[in-house]
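Just start-v9.txt here, compact mmCIF, C-alpha atoms:
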```txt
# COMPACT_ATOMS: atom_id res chain seq x y z
CA MET A 1 -26.51 23.13 2.31
CA SER A 2 -24.40 20.71 0.23
CA ALA A 3 -22.01 18.21 1.80
CA MET A 4 -19.10 20.15 0.29
CA ALA A 5 -20.37 23.40 1.80
CA GLN A 6 -20.80 21.76 5.18
CA ARG A 7 -17.19 20.60 5.08
CA ASP A 8 -16.16 24.12 4.18
CA VAL A 9 -17.89 25.49 7.29
CA GLY A 10 -16.39 22.92 9.66
CA HIS A 11 -13.29 23.65 11.71
CA LEU A 12 -13.26 27.35 10.79
CA HIS A 13 -10.85 28.21 13.58
CA ALA A 14 -8.34 25.39 13.00
CA GLU A 15 -4.91 26.21 11.63
CA LEU A 16 -4.96 25.14 7.99
CA LEU A 17 -2.06 23.10 6.68
CA PRO A 18 -0.92 22.22 3.15
CA ILE A 19 -1.28 18.65 1.92
CA THR A 20 1.01 16.38 -0.08
CA THR A 21 0.72 15.60 -3.78
CA THR A 22 -0.59 12.10 -3.08
CA GLN A 23 -3.14 13.36 -0.55
CA ALA A 24 -4.46 15.87 -3.10
CA TYR A 25 -4.91 13.05 -5.63
CA LEU A 26 -6.71 10.83 -3.11
CA LEU A 27 -9.06 13.56 -1.95
CA ASP A 28 -10.04 14.47 -5.51
CA THR A 29 -10.45 10.82 -6.50
CA LEU A 30 -12.25 9.44 -3.45
CA THR A 31 -14.78 12.31 -3.39
CA ASP A 32 -15.56 11.88 -7.09
CA THR A 33 -19.22 10.91 -7.46
CA ASP A 34 -18.20 8.12 -9.88
CA CYS A 35 -15.76 6.55 -7.42
CA MET A 36 -17.04 3.11 -6.41
CA ARG A 37 -17.18 1.80 -2.86
CA PRO A 38 -14.63 -1.05 -3.34
CA TYR A 39 -12.03 1.49 -4.44
CA LYS A 40 -12.84 3.77 -1.50
CA HIS A 41 -12.67 0.80 0.85
CA TYR A 42 -9.27 -0.23 -0.48
CA TRP A 43 -7.75 2.90 1.04
CA THR A 44 -8.46 1.81 4.61
CA ILE A 45 -5.63 -0.14 6.28
CA CYS A 46 -6.35 -2.45 9.21
CA GLU A 47 -4.07 -4.17 11.72
CA GLY A 48 -5.00 -6.37 14.64
CA LEU A 49 -2.97 -7.74 17.53
CA ARG A 50 -4.48 -10.38 19.83
CA ILE A 51 -2.94 -10.13 23.29
CA LYS A 52 -3.31 -12.70 26.05
CA PRO A 53 -3.84 -12.36 28.95
CA GLY A 54 -6.25 -9.45 28.53
CA VAL A 55 -5.15 -5.84 28.29
CA ARG A 56 -5.82 -3.22 30.94
CA PRO A 57 -7.67 -0.46 29.03
CA ARG A 58 -6.08 2.39 31.00
CA ARG A 59 -2.61 1.10 30.24
CA LEU A 60 -3.45 0.84 26.53
CA GLU A 61 -4.99 4.33 26.59
CA ARG A 62 -1.76 5.73 28.01
CA ALA A 63 0.20 3.98 25.26
CA LEU A 64 -2.21 5.40 22.64
CA LYS A 65 -1.81 8.93 23.96
CA ARG A 66 1.96 8.63 23.69
CA LEU A 67 1.60 7.23 20.16
CA VAL A 68 -0.57 10.19 19.10
CA GLN A 69 1.95 12.61 20.61
CA ARG A 70 4.82 10.92 18.74
CA HIS A 71 3.11 10.71 15.33
CA ASP A 72 1.19 13.87 14.51
CA ASN A 73 -0.09 12.57 11.17
CA LEU A 74 -2.61 10.53 13.19
CA ARG A 75 -4.32 13.81 14.07
CA LEU A 76 -4.69 14.94 10.44
CA ALA A 77 -8.11 15.54 8.91
CA PHE A 78 -9.09 17.27 5.68
CA THR A 79 -11.48 20.02 4.77
CA TYR A 80 -12.44 21.85 1.58
CA ARG A 81 -11.72 25.52 2.00
CA LYS A 82 -11.91 28.27 -0.63
CA GLY A 83 -11.89 25.90 -3.56
CA LYS A 84 -9.14 23.51 -2.48
CA TRP A 85 -8.40 20.69 -0.05
CA VAL A 86 -6.34 21.50 3.01
CA ALA A 87 -5.50 19.71 6.25
CA PHE A 88 -5.81 20.56 9.91
CA GLN A 89 -4.78 18.77 13.07
CA ARG A 90 -7.24 17.60 15.65
CA GLU A 91 -6.54 17.86 19.36
CA GLU A 92 -4.68 14.92 20.85
CA ASP A 93 -7.50 14.10 23.27
CA GLU A 94 -9.96 13.74 20.35
CA ILE A 95 -8.33 10.40 19.47
CA THR A 96 -9.56 7.93 22.05
CA LEU A 97 -9.67 4.20 22.63
CA LYS A 98 -13.00 2.49 22.11
CA VAL A 99 -13.53 -0.54 24.34
CA GLU A 100 -16.01 -3.19 23.17
CA ASP A 101 -16.60 -6.26 25.36
CA TYR A 102 -17.95 -9.35 23.59
CA GLY A 103 -17.42 -11.80 26.46
CA ASP A 104 -16.44 -15.44 25.93
CA VAL A 105 -16.93 -16.38 22.29
CA SER A 106 -15.60 -19.00 19.89
CA GLN A 107 -12.53 -18.45 17.69
CA GLU A 108 -14.90 -18.32 14.71
CA GLN A 109 -17.09 -15.63 16.26
CA MET A 110 -14.06 -13.56 17.26
CA ARG A 111 -12.87 -13.66 13.66
CA LYS A 112 -16.30 -12.73 12.29
CA THR A 113 -16.46 -9.76 14.64
CA CYS A 114 -13.05 -8.51 13.51
CA ASP A 115 -13.80 -9.13 9.82
CA ALA A 116 -16.99 -7.08 10.10
CA ILE A 117 -14.94 -4.10 11.30
CA VAL A 118 -12.50 -4.60 8.42
CA GLU A 119 -15.43 -4.31 6.02
CA GLU A 120 -16.28 -0.82 7.31
CA THR A 121 -15.31 1.94 4.89
CA MET A 122 -13.57 4.99 6.31
CA ASP A 123 -14.53 8.31 4.73
CA VAL A 124 -11.50 10.38 3.67
CA THR A 125 -13.45 13.53 4.60
CA GLY A 126 -14.58 12.17 7.94
CA ALA A 127 -13.87 13.74 11.31
CA SER A 128 -11.43 10.97 12.20
CA LEU A 129 -9.03 9.12 9.92
CA CYS A 130 -7.83 6.70 12.57
CA ASP A 131 -9.75 4.30 14.76
CA PHE A 132 -8.31 2.47 17.79
CA ARG A 133 -10.39 -0.22 19.51
CA LEU A 134 -9.88 -2.74 22.25
CA LEU A 135 -12.07 -5.74 21.48
CA ARG A 136 -12.46 -8.00 24.53
CA PHE A 137 -13.08 -11.70 23.97
CA GLY A 138 -12.92 -13.23 27.43
CA SER A 139 -10.61 -16.23 27.71
CA LEU A 140 -9.36 -15.75 24.12
CA GLY A 141 -7.75 -12.47 25.17
CA ASP A 142 -8.15 -9.00 23.72
CA VAL A 143 -7.64 -7.68 20.19
CA VAL A 144 -6.00 -4.28 19.76
CA PHE A 145 -7.60 -3.15 16.50
CA ILE A 146 -6.11 -0.32 14.44
CA ARG A 147 -7.79 1.24 11.37
CA VAL A 148 -6.12 4.16 9.59
CA HIS A 149 -7.00 5.79 6.29
CA HIS A 150 -4.34 5.45 3.61
CA ALA A 151 -4.46 9.24 3.11
CA ILE A 152 -2.49 9.68 6.35
CA THR A 153 -0.32 6.54 6.41
CA ASP A 154 0.93 3.69 4.22
CA GLY A 155 1.92 0.07 4.71
CA PHE A 156 5.37 1.02 5.97
CA GLY A 157 3.93 3.61 8.34
CA MET A 158 1.30 1.20 9.63
CA THR A 159 4.04 -1.21 10.68
CA VAL A 160 5.80 1.61 12.54
CA LEU A 161 2.57 2.59 14.30
CA ALA A 162 1.83 -0.98 15.40
CA GLU A 163 5.40 -1.50 16.59
CA ASP A 164 5.49 1.77 18.53
CA LEU A 165 2.12 1.08 20.16
CA ILE A 166 3.39 -2.31 21.34
CA LYS A 167 6.57 -0.70 22.67
CA PHE A 168 4.67 2.00 24.56
CA PHE A 169 2.33 -0.62 26.01
CA LEU A 170 5.19 -2.88 27.12
CA GLY A 171 7.41 -0.02 28.28
CA LEU A 172 10.14 -0.68 25.72
CA PRO A 173 12.43 2.13 24.49
CA MET A 174 11.73 4.05 21.28
CA GLN A 175 14.35 4.34 18.55
CA GLY A 176 15.09 7.30 16.29
CA GLN A 177 13.36 10.61 15.67
CA VAL A 178 10.06 10.96 13.86
CA MET A 179 9.21 13.38 11.06
CA SER A 180 6.14 15.61 11.43
CA HIS A 181 3.66 16.37 8.66
CA ILE A 182 5.08 19.87 8.24
CA ASP A 183 8.66 18.59 8.21
CA TYR A 184 7.73 16.11 5.48
CA LEU A 185 6.13 18.84 3.38
CA ARG A 186 9.17 21.08 3.80
CA ASP A 187 11.97 18.53 3.51
CA ILE A 188 10.52 15.91 1.14
CA ASP A 189 7.35 16.89 -0.70
CA ALA A 190 8.45 20.44 -1.48
CA HIS A 191 11.49 19.06 -3.32
CA GLN A 192 9.48 16.92 -5.72
CA ALA A 193 10.15 18.27 -9.19
CA LYS A 194 7.57 19.28 -11.75
CA HIS A 195 7.14 16.95 -14.69
CA THR A 196 8.92 19.19 -17.18
CA GLY A 197 12.24 19.57 -19.01
CA MET A 198 14.76 16.75 -18.65
CA ILE A 199 12.42 14.80 -16.36
CA GLU A 200 9.62 14.74 -18.92
CA GLU A 201 12.12 13.88 -21.67
CA TYR A 202 13.48 10.93 -19.69
CA TRP A 203 10.08 9.33 -19.20
CA ARG A 204 9.07 10.06 -22.79
CA ASP A 205 12.21 8.37 -24.12
CA LEU A 206 11.62 5.38 -21.80
CA LEU A 207 7.92 4.87 -22.48
CA PHE A 208 7.26 6.07 -26.03
CA PRO A 209 6.54 4.82 -28.60
CA ALA A 210 4.47 2.62 -26.32
CA PRO A 211 3.99 -1.10 -26.98
CA SER A 212 0.63 -2.51 -27.94
CA PRO A 213 -1.57 -3.74 -25.09
CA ILE A 214 -1.05 -7.31 -23.91
CA PRO A 215 -3.53 -9.35 -26.00
CA PHE A 216 -5.45 -10.88 -23.11
CA GLY A 217 -9.13 -11.67 -23.56
CA ARG A 218 -11.11 -8.53 -24.19
CA VAL A 219 -8.18 -6.15 -23.71
CA GLN A 220 -7.11 -6.66 -27.31
CA LYS A 221 -10.35 -5.02 -28.45
CA GLY A 222 -9.13 -1.77 -26.92
CA MET A 223 -10.15 -0.05 -23.72
CA PRO A 224 -11.73 3.40 -23.30
CA ALA A 225 -9.26 6.23 -22.81
CA GLU A 226 -11.17 7.88 -19.96
CA LEU A 227 -10.13 7.02 -16.42
CA VAL A 228 -12.99 6.48 -14.01
CA PRO A 229 -11.60 6.01 -10.50
CA GLY A 230 -12.17 2.62 -9.01
CA HIS A 231 -14.69 1.40 -11.57
CA ILE A 232 -13.71 -2.27 -11.47
CA LYS A 233 -16.61 -4.41 -10.28
CA LYS A 234 -15.15 -7.93 -10.30
CA VAL A 235 -11.61 -8.70 -9.18
CA ILE A 236 -10.11 -12.15 -9.77
CA ASN A 237 -6.98 -13.63 -8.18
CA HIS A 238 -4.57 -16.50 -8.70
CA THR A 239 -1.94 -17.08 -6.02
CA VAL A 240 1.19 -19.23 -6.06
CA SER A 241 3.67 -19.58 -3.20
CA LEU A 242 7.38 -20.19 -2.78
CA PRO A 243 8.86 -21.53 0.46
CA SER A 244 10.76 -18.78 2.27
CA GLU A 245 14.04 -20.70 2.10
CA GLU A 246 13.61 -21.14 -1.66
CA PHE A 247 12.94 -17.44 -2.13
CA MET A 248 16.00 -16.62 -0.02
CA ARG A 249 18.13 -18.91 -2.19
CA LEU A 250 16.81 -17.17 -5.30
CA SER A 251 17.46 -13.71 -3.80
CA GLU A 252 21.05 -14.59 -2.94
CA LYS A 253 21.71 -15.95 -6.43
CA VAL A 254 20.32 -12.99 -8.36
CA THR A 255 21.97 -10.48 -6.01
CA LYS A 256 25.36 -12.01 -6.82
CA ALA A 257 24.49 -11.63 -10.51
CA GLY A 258 23.77 -7.91 -10.07
CA ALA A 259 19.96 -8.08 -10.00
CA THR A 260 17.40 -8.02 -7.17
CA SER A 261 14.62 -10.39 -6.20
CA PHE A 262 12.12 -7.69 -7.19
CA THR A 263 13.47 -7.19 -10.72
CA THR A 264 13.78 -10.95 -11.14
CA LEU A 265 10.11 -11.40 -10.24
CA VAL A 266 9.17 -8.77 -12.83
CA THR A 267 11.25 -10.21 -15.67
CA THR A 268 10.18 -13.78 -14.86
CA LEU A 269 6.54 -12.73 -14.94
CA CYS A 270 7.07 -10.89 -18.23
CA GLY A 271 8.69 -14.04 -19.63
CA ALA A 272 5.58 -16.05 -18.68
CA ILE A 273 3.41 -13.41 -20.35
CA GLN A 274 5.58 -13.55 -23.46
CA GLU A 275 5.19 -17.31 -23.74
CA LYS A 276 1.41 -16.98 -23.46
CA THR A 277 0.87 -13.96 -25.70
CA GLN A 278 4.06 -13.43 -27.74
CA THR A 279 4.29 -9.97 -26.15
CA ASP A 280 7.97 -9.00 -25.85
CA ASP A 281 7.67 -5.41 -24.61
CA VAL A 282 5.84 -4.51 -21.38
CA ILE A 283 5.33 -1.25 -19.49
CA GLY A 284 4.54 -1.45 -15.79
CA ARG A 285 4.44 0.51 -12.57
CA THR A 286 5.55 -0.21 -9.05
CA VAL A 287 5.62 1.46 -5.65
CA ARG A 288 8.93 3.01 -4.73
CA ALA A 289 10.52 1.42 -1.69
CA ARG A 290 11.16 3.75 1.22
CA ALA A 291 14.92 3.73 1.56
CA THR A 292 16.11 6.88 3.29
CA GLY A 293 17.04 6.83 6.96
CA THR A 294 15.20 10.13 7.41
CA LEU A 295 11.92 8.34 6.79
CA SER A 296 12.63 5.23 8.83
CA ASN A 297 10.20 6.35 11.57
CA TYR A 298 7.86 8.44 9.42
CA THR A 299 4.28 7.16 9.55
CA GLY A 300 2.67 9.53 7.06
CA ILE A 301 1.95 8.62 3.46
CA ASP A 302 5.07 8.56 1.30
CA LEU A 303 4.17 7.04 -2.05
CA SER A 304 5.55 7.25 -5.55
CA PHE A 305 4.62 5.07 -8.51
CA PRO A 306 7.49 5.04 -11.02
CA TYR A 307 7.18 3.31 -14.38
CA PHE A 308 9.40 0.60 -15.77
CA ARG A 309 9.77 -1.01 -19.19
CA THR A 310 11.22 -4.43 -19.89
CA LYS A 311 11.82 -6.22 -23.20
CA ILE A 312 12.90 -9.69 -24.17
CA SER A 313 15.76 -8.03 -26.08
CA ASP A 314 17.17 -6.64 -22.80
CA GLY A 315 19.10 -9.87 -22.20
CA LYS A 316 19.47 -13.51 -23.17
CA SER A 317 18.14 -14.81 -19.86
CA VAL A 318 15.66 -13.86 -17.16
CA ILE A 319 18.50 -12.83 -14.85
CA ASP A 320 20.19 -10.77 -17.60
CA ARG A 321 16.94 -8.88 -18.07
CA ALA A 322 16.60 -8.51 -14.29
CA VAL A 323 20.05 -6.87 -14.16
CA SER A 324 19.04 -4.54 -16.97
CA LEU A 325 15.81 -3.63 -15.17
CA LYS A 326 17.68 -2.98 -11.92
CA ASN A 327 19.95 -0.52 -13.75
CA GLN A 328 16.93 1.12 -15.33
CA LEU A 329 15.19 1.58 -11.96
CA GLU A 330 18.33 3.07 -10.45
CA THR A 331 18.46 5.63 -13.27
CA SER A 332 14.72 6.30 -13.04
CA GLY A 333 15.16 7.10 -9.37
CA GLN A 334 16.95 10.29 -10.41
CA TYR A 335 13.90 11.47 -12.39
CA GLY A 336 11.17 11.63 -9.79
CA SER A 337 8.32 14.10 -10.26
CA ARG A 338 4.99 15.10 -8.79
CA GLU A 339 3.19 13.16 -11.50
CA LEU A 340 4.68 9.94 -10.19
CA ALA A 341 3.12 10.58 -6.76
CA LYS A 342 -0.33 10.12 -8.31
CA PRO A 343 -1.61 6.57 -8.85
CA VAL A 344 -3.23 7.77 -12.09
CA ASN A 345 -1.61 10.66 -13.93
CA ARG A 346 -1.20 12.40 -17.29
CA ILE A 347 1.59 10.02 -18.36
CA GLU A 348 -0.87 7.16 -18.10
CA GLN A 349 -3.55 9.20 -19.83
CA GLU A 350 -1.23 9.72 -22.79
CA LEU A 351 -0.36 6.03 -22.90
CA ARG A 352 -4.03 5.13 -23.02
CA GLU A 353 -4.80 7.73 -25.67
CA THR A 354 -1.88 6.47 -27.77
CA VAL A 355 -2.38 2.69 -27.66
CA GLY A 356 -5.66 2.17 -25.81
CA SER A 357 -4.01 0.88 -22.65
CA GLY A 358 -2.09 2.23 -19.70
CA PRO A 359 0.67 0.26 -17.95
CA GLN A 360 0.08 -3.43 -18.42
CA LEU A 361 1.58 -4.46 -15.07
CA PHE A 362 1.47 -3.18 -11.53
CA VAL A 363 3.95 -4.86 -9.17
CA HIS A 364 3.95 -4.17 -5.43
CA ILE A 365 5.51 -5.73 -2.35
CA ALA A 366 2.29 -5.30 -0.43
CA SER A 367 3.40 -6.15 3.09
CA ALA A 368 5.84 -3.28 3.73
CA ASP A 369 8.38 -6.04 4.20
CA GLY A 370 11.40 -3.76 4.32
CA ARG A 371 10.20 -2.33 7.62
CA ALA A 372 8.69 -5.57 8.88
CA GLY A 373 11.93 -7.46 8.26
CA ALA A 374 13.94 -4.92 10.26
CA SER A 375 11.52 -4.78 13.18
CA VAL A 376 12.32 -6.28 16.57
CA PHE A 377 8.91 -7.95 16.11
CA LYS A 378 9.91 -9.40 12.74
CA LYS A 379 8.25 -12.77 13.39
CA LEU A 380 5.05 -10.99 14.35
CA PHE A 381 4.74 -8.67 11.36
CA ARG A 382 5.61 -11.39 8.85
CA ALA A 383 3.07 -13.74 10.39
CA GLU A 384 -0.20 -14.45 8.61
CA GLY A 385 -1.96 -15.42 11.81
CA GLY A 386 -1.37 -18.19 14.28
CA THR A 387 2.22 -17.22 15.08
CA ILE A 388 2.57 -16.17 18.72
CA ILE A 389 5.50 -14.31 20.23
CA LYS A 390 6.06 -14.00 23.96
CA VAL A 391 7.29 -10.87 25.71
CA GLY A 392 7.57 -11.73 29.40
CA ASN A 393 4.24 -13.29 30.36
CA VAL A 394 2.40 -11.65 27.45
CA GLU A 395 1.47 -13.54 24.29
CA ILE A 396 0.97 -11.50 21.09
CA GLU A 397 -0.53 -12.81 17.86
CA ARG A 398 -0.97 -10.81 14.68
CA MET A 399 -4.41 -11.17 13.11
CA ALA A 400 -3.77 -10.95 9.37
CA PHE A 401 -6.81 -9.31 7.82
CA ARG A 402 -7.70 -9.70 4.19
CA ARG A 403 -7.50 -6.39 2.40
CA VAL A 404 -10.38 -5.92 0.00
CA PRO A 405 -8.82 -6.04 -3.48
CA ALA A 406 -9.13 -3.11 -5.85
CA LEU A 407 -7.62 -2.01 -9.11
CA SER A 408 -7.72 1.45 -10.65
CA VAL A 409 -7.61 0.76 -14.40
CA PRO A 410 -8.99 -2.25 -16.27
CA SER A 411 -5.96 -3.20 -18.35
CA GLU A 412 -3.68 -3.82 -15.37
CA LEU A 413 -2.42 -7.22 -14.40
CA ALA A 414 -1.24 -6.75 -10.82
CA LEU A 415 1.34 -8.78 -8.89
CA PHE A 416 1.31 -8.42 -5.12
CA VAL A 417 4.22 -9.95 -3.21
CA ASN A 418 3.51 -10.88 0.42
CA HIS A 419 6.25 -12.18 2.71
CA SER A 420 5.47 -14.35 5.71
CA ASN A 421 7.55 -16.44 8.09
CA SER A 422 6.99 -19.60 6.04
CA ASN A 423 6.53 -18.54 2.44
CA VAL A 424 6.32 -15.78 -0.14
CA ARG A 425 2.90 -15.50 -1.75
CA LEU A 426 2.76 -14.20 -5.31
CA ASN A 427 -0.79 -13.03 -6.00
CA LEU A 428 -1.81 -12.19 -9.57
CA ARG A 429 -4.87 -9.97 -9.63
CA ALA A 430 -6.96 -8.64 -12.52
CA ASP A 431 -10.31 -7.26 -13.62
CA GLY A 432 -12.70 -10.20 -13.98
CA ASP A 433 -14.65 -8.39 -16.70
CA VAL A 434 -11.49 -8.17 -18.83
CA PHE A 435 -9.44 -11.23 -17.90
CA ASP A 436 -10.46 -14.86 -17.63
CA PRO A 437 -9.37 -16.88 -14.56
CA SER A 438 -7.78 -19.44 -16.90
CA GLU A 439 -5.55 -16.70 -18.32
CA LEU A 440 -4.20 -15.88 -14.87
CA ALA A 441 -3.52 -19.56 -14.17
CA ALA A 442 -1.80 -19.97 -17.55
CA ILE A 443 0.66 -17.27 -16.52
CA ALA A 444 0.95 -17.83 -12.76
CA GLU A 445 1.92 -21.51 -12.90
CA PRO A 446 4.79 -21.13 -15.46
CA PHE A 447 5.84 -18.02 -13.52
CA LYS A 448 6.31 -20.13 -10.39
CA GLU A 449 7.96 -23.03 -12.24
CA THR A 450 10.55 -20.73 -13.82
CA LEU A 451 11.38 -19.12 -10.47
CA LEU A 452 12.03 -22.54 -8.96
CA THR A 453 14.46 -23.44 -11.73
CA LEU A 454 16.56 -20.25 -11.68
```
Could you render the structure from this file as structure tokens?
Amino acid sequence: MSAMAQRDVGHLHAELLPITTTQAYLLDTLTDTDCMRPYKHYWTICEGLRIKPGVRPRRLERALKRLVQRHDNLRLAFTYRKGKWVAFQREEDEITLKVEDYGDVSQEQMRKTCDAIVEETMDVTGASLCDFRLLRFGSLGDVVFIRVHHAITDGFGMTVLAEDLIKFFLGLPMQGQVMSHIDYLRDIDAHQAKHTGMIEEYWRDLLFPAPSPIPFGRVQKGMPAELVPGHIKKVINHTVSLPSEEFMRLSEKVTKAGATSFTTLVTTLCGAIQEKTQTDDVIGRTVRARATGTLSNYTGIDLSFPYFRTKISDGKSVIDRAVSLKNQLETSGQYGSRELAKPVNRIEQELRETVGSGPQLFVHIASADGRAGASVFKKLFRAEGGTIIKVGNVEIERMAFRRVPALSVPSELALFVNHSNSNVRLNLRADGDVFDPSELAAIAEPFKETLLTL
């Protein structure tokens, strides 16, 4: 019996539930035989909280049970039934806390143990899409380790889960109502429009005729039009940082001018690209920020990847172009569609067939900072490790785990923005078989220098 047939037989008596547009994309992509492990691994999100003194397992188990009751998306699993992917919910008592005692170890060994768990790949078709562990390290304290597949949560949702688990453990009050999987399907996903009519016309007018690919390295020779999920083998990075106070000063200045820090980052980066390549017209994608109060406590996956286009002719200065891009994004927000809920879609396919390249940029605030900044544990969730907060006699430290980098298409230059308590890290990431490290540096350094002079 094939693996697909075995999945079809499993859970025959469970109530079958619909899935979201993004979940359907992920299931099709991550079960593709051509999908590479690094791309599959990218869709596992990990969070770790070191607590000292040690945690009583029964108390943490009680907190976990309450968390599972509050957020039903944690119980979701997927099965292939009658030719399509559907979801079902596991029983609450199937999600349990695993306790692993390592005794007294060094800081280095504790980190290696945690990093080894981070490296584990979670199967999107597995029986469990969440994993809660209590790792005991003697005098160093205990690590509450959370792994959740991206098919049932996102960065924003992961912050909510970690915060709520801490609150349940410490006996702190919850705030606001949560949205169930079915409520999300009915109230949010069901209202996503089809990519037709005025919506299709808007994106066509914005994106076509498409600009030529950015002439970096081997990209200028043209890339294949087919899209093989997660086929990038070598990812390269170049990171620059701005002090938090400097980034705050920049944000205040551009906000007064009618822009945002996000659009300013994009137009500044495009200016650095223009100086390097003489490219004055760039198409990119981003991840829509979760802004509605209805979703403030929703921990399921709520992703959309709208396009943007910015040109040197949009304004005389970086900030002018940032204002123009802000206005564009506000208009684009009125033209959402199901296609935009897919990381790779037919809009991108047409771009690649037309000019040999999809979007040239992908820009993402990777740390779910909107939620983290509003949390009562703000200092904790913006910490990169080493920052300890005290609640009564309990010390809590966030263990910032490195997320294995992945890209979906080879012509992307990706910018990931990570906020911490001390700085804002701007990480440029690209396919090492297409881009040279020197090319990233030649853009990243002027990018930073311009930001500091705005």
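Counting all atoms listed in the file, region 197-202 of chain A has the following residues at most 9 Å away, ignoring those fewer than 2 positions along the same chain: Ala193, Lys194, His195, Arg204, Asp205, Leu206, Leu207, Ser332, Gln334, Tyr335, Gly336 and Ser337 of chain A.
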Any chance you could tabulate, as a tab-separated table, the residues of region 139-204 of chain A at most 9 Å from region 53-59 of chain A with each one's nearest atom pair and distance in Å to one decimal, using all atoms listed in the file, in chain and rising number order?
```
residue	atom	partner	partner_atom	distance
A:Ser139	CA	A:Pro53	CA	7.9
A:Leu140	CA	A:Pro53	CA	8.1
A:Gly141	CA	A:Gly54	CA	4.8
A:Asp142	CA	A:Gly54	CA	5.2
A:Val143	CA	A:Gly54	CA	8.6
A:Val144	CA	A:Val55	CA	8.7
A:Phe169	CA	A:Arg59	CA	6.7
```
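Candidate residues A:His181, A:Arg346, A:Arg133, A:Lys311 were compared for distance to Cys46 (chain A), and the nearest is A:Arg133, using all atoms listed in the file.
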Name the residues in contact with Glu47 (chain A) at a cut-off of 9 Å, using all atoms listed in the file, excluding same-chain residues fewer than 3 positions from it; report them as a PyMOL selection string. chain A and resi 144-148+158-159+162+398-401
Residue neighbourhood Leu27 (chain A), 7 Å, all atoms listed in the file, exclusion window fewer than 4 positions, as a count of residues only: 3
What is the distance between CA of Ala77 (chain A) and CA of Glu163 (chain A), in Å to one decimal?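 Going from CA of Ala77 (chain A) over to CA of Glu163 (chain A) covers 23.1 Å.
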A:Ala442, A:Ile347, A:Val178, A:Leu303: which is nearest Gln192 (chain A), counting only C-alpha atoms? A:Leu303
Calculate how many Å separate CA of Thr263 (chain A) from CA of Pro437 (chain A), rounding to one decimal. 25.1 Å
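Of the listed residues (A:Asp32, A:Glu100, A:Asp93, A:Glu61), A:Glu61 comes nearest to Phe168 (chain A); the distances count only C-alpha atoms.
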Could you jot down the CA of Ile188 (chain A) to CA of Gly333 (chain A) separation for me, Å, one decimal place? 14.5 Å
